[in-house]
file start-v6.txt (compact mmCIF, C-alpha atoms)
# COMPACT_ATOMS: atom_id res chain seq x y z
CA MET A 1 -10.10 40.90 -30.91
CA SER A 2 -10.91 44.19 -32.65
CA GLU A 3 -13.38 44.53 -35.47
CA LYS A 4 -12.25 44.75 -39.07
CA GLN A 5 -11.25 48.28 -40.06
CA GLU A 6 -12.26 47.88 -43.72
CA ILE A 7 -15.61 47.09 -45.30
CA ALA A 8 -17.19 47.36 -48.72
CA CYS A 9 -20.49 49.19 -49.03
CA ALA A 10 -23.01 50.58 -51.47
CA ILE A 11 -24.28 54.13 -51.06
CA TYR A 12 -27.76 55.34 -51.98
CA LYS A 13 -29.47 58.70 -52.11
CA THR A 14 -33.12 59.66 -52.09
CA LYS A 15 -35.06 62.26 -54.05
CA LYS A 16 -37.13 62.81 -50.93
CA ARG A 17 -34.42 64.69 -49.04
CA ASP A 18 -31.28 66.27 -50.47
CA GLY A 19 -28.09 65.25 -48.68
CA LEU A 20 -29.57 62.11 -47.06
CA TYR A 21 -27.53 58.99 -47.85
CA LEU A 22 -27.90 55.34 -46.92
CA TYR A 23 -24.87 53.03 -46.69
CA VAL A 24 -25.51 49.28 -46.87
CA LYS A 25 -23.13 46.32 -46.96
CA GLU A 26 -24.24 45.00 -50.34
CA GLN A 27 -25.81 46.63 -53.37
CA ASP A 28 -29.62 46.37 -53.35
CA GLU A 29 -29.60 44.59 -49.95
CA PHE A 30 -31.90 46.49 -47.59
CA SER A 31 -33.04 43.67 -45.26
CA ASP A 32 -31.15 45.15 -42.27
CA VAL A 33 -32.60 48.63 -42.78
CA PRO A 34 -35.65 49.44 -40.60
CA ASP A 35 -38.93 50.24 -42.38
CA GLU A 36 -38.91 53.75 -40.88
CA VAL A 37 -35.60 54.47 -42.62
CA MET A 38 -36.69 52.88 -45.90
CA GLN A 39 -39.73 55.19 -45.94
CA GLN A 40 -37.24 57.98 -46.65
CA PHE A 41 -35.88 55.94 -49.58
CA PRO A 42 -39.00 54.87 -51.53
CA ALA A 43 -36.90 54.46 -54.69
CA PRO A 44 -33.26 54.26 -53.53
CA GLU A 45 -30.86 55.63 -56.15
CA HIS A 46 -27.50 53.84 -56.19
CA VAL A 47 -24.75 56.47 -56.13
CA PHE A 48 -21.64 54.27 -56.02
CA ASP A 49 -19.84 51.44 -54.26
CA LEU A 50 -16.99 52.20 -51.89
CA GLU A 51 -14.33 50.29 -49.95
CA LEU A 52 -14.26 51.99 -46.56
CA SER A 53 -11.00 51.95 -44.65
CA ALA A 54 -9.93 53.43 -41.33
CA SER A 55 -6.91 54.88 -43.15
CA ARG A 56 -9.12 56.85 -45.62
CA PRO A 57 -11.34 59.48 -44.00
CA LEU A 58 -14.70 60.47 -45.44
CA ALA A 59 -15.58 64.10 -46.19
CA ARG A 60 -18.67 64.39 -43.97
CA GLU A 61 -18.77 61.27 -41.80
CA ASP A 62 -16.51 59.58 -39.28
CA VAL A 63 -15.32 56.57 -41.26
CA LEU A 64 -14.87 54.47 -38.11
CA LEU A 65 -18.47 55.15 -37.08
CA VAL A 66 -19.73 54.21 -40.56
CA ILE A 67 -17.72 50.96 -40.46
CA LYS A 68 -18.99 50.17 -36.95
CA ASN A 69 -22.62 50.84 -37.94
CA LEU A 70 -22.32 48.64 -41.03
CA GLN A 71 -20.81 45.82 -38.95
CA THR A 72 -23.26 46.04 -36.05
CA GLN A 73 -26.57 47.11 -37.60
CA GLY A 74 -26.02 46.48 -41.32
CA PHE A 75 -26.50 50.07 -42.44
CA HIS A 76 -25.46 53.67 -41.80
CA LEU A 77 -27.62 56.74 -42.36
CA GLN A 78 -25.82 59.95 -43.32
CA MET A 79 -27.94 62.96 -42.46
CA PRO A 80 -27.96 66.12 -44.59
CA PRO A 81 -25.53 68.83 -43.52
CA LYS A 82 -26.90 71.38 -41.12
CA THR A 83 -27.95 74.39 -43.12
CA GLU A 84 -26.75 77.84 -42.25
CA ASP A 85 -29.15 80.47 -40.98
CA PRO A 86 -30.85 82.38 -43.78
CA ILE A 87 -29.29 85.81 -44.38
CA ASP A 88 -32.41 87.60 -43.10
CA THR A 89 -31.87 86.15 -39.62
CA ILE A 90 -28.42 87.71 -39.32
CA THR A 91 -28.37 90.96 -37.38
CA LEU A 92 -26.43 93.62 -39.24
CA PRO A 93 -24.64 96.47 -37.49
CA ASP A 94 -26.44 99.82 -37.58
CA SER A 95 -23.73 101.25 -39.86
CA LEU A 96 -24.85 98.90 -42.65
CA HIS A 97 -28.49 99.97 -42.58
CA GLY A 98 -29.02 102.62 -45.27

call {"tool": "encode", "arguments": {"input": "start-v6.txt", "output": "structure tokens"}}
result
Amino acid sequence: MSEKQEIACAIYKTKKRDGLYLYVKEQDEFSDVPDEVMQQFPAPEHVFDLELSASRPLAREDVLLVIKNLQTQGFHLQMPPKTEDPIDTITLPDSLHG
């Protein structure tokens, strides 16, 4: 028997780290979230509730992984996007140096 491909969740952000989001199965229910994770969310800010479905992809996360994590561990942590290298670390061709 396969696991359910739909699940409701609540999504939270933190002021501590831009782009870090915590998905939990129920609003304001953090009992499944380890203390180490909650340290990054000292005052979790509710962003919105969402009905996840395998037929509706997410912009930055694999929806099936998020569903699986919610079902198996009770939460999913979305990490901030990897930032691009700062412009000063890019090597320019000699022809662009004045």

call {"tool": "residues_around", "arguments": {"input": "start-v6.txt", "residues": "stretch 6-20 of chain A", "least_positions_apart": "3", "cutoff": "7 Å", "atoms": "only C-alpha atoms", "output": "ChimeraX atom specification"}}
result
/A:23-27,40-41,43-54,67,78-81

call {"tool": "residues_near_point", "arguments": {"input": "start-v6.txt", "point": "(-17.8, 57.2, -38.4)", "cutoff": "12 Å", "atoms": "all atoms listed in the file", "output": "PyMOL selection string"}}
result
chain A and resi 5+23+52-54+56-71+75-78

call {"tool": "atom_distance", "arguments": {"input": "start-v6.txt", "atom1": "atom CA of A:Glu29", "atom2": "atom CA of A:Lys82"}}
result
28.3 Å

call {"tool": "atom_distance", "arguments": {"input": "start-v6.txt", "atom1": "atom CA of A:Asp32", "atom2": "atom CA of A:Gln73"}}
result
6.8 Å

call {"tool": "axis_aligned_box", "arguments": {"input": "start-v6.txt", "around": "stretch 49-59 of chain A", "padding_each_side": "3 Å", "output": "JSON"}}
result
{"center_x": -13.4, "center_y": 57.2, "center_z": -47.8, "size_x": 18.9, "size_y": 19.8, "size_z": 18.9}
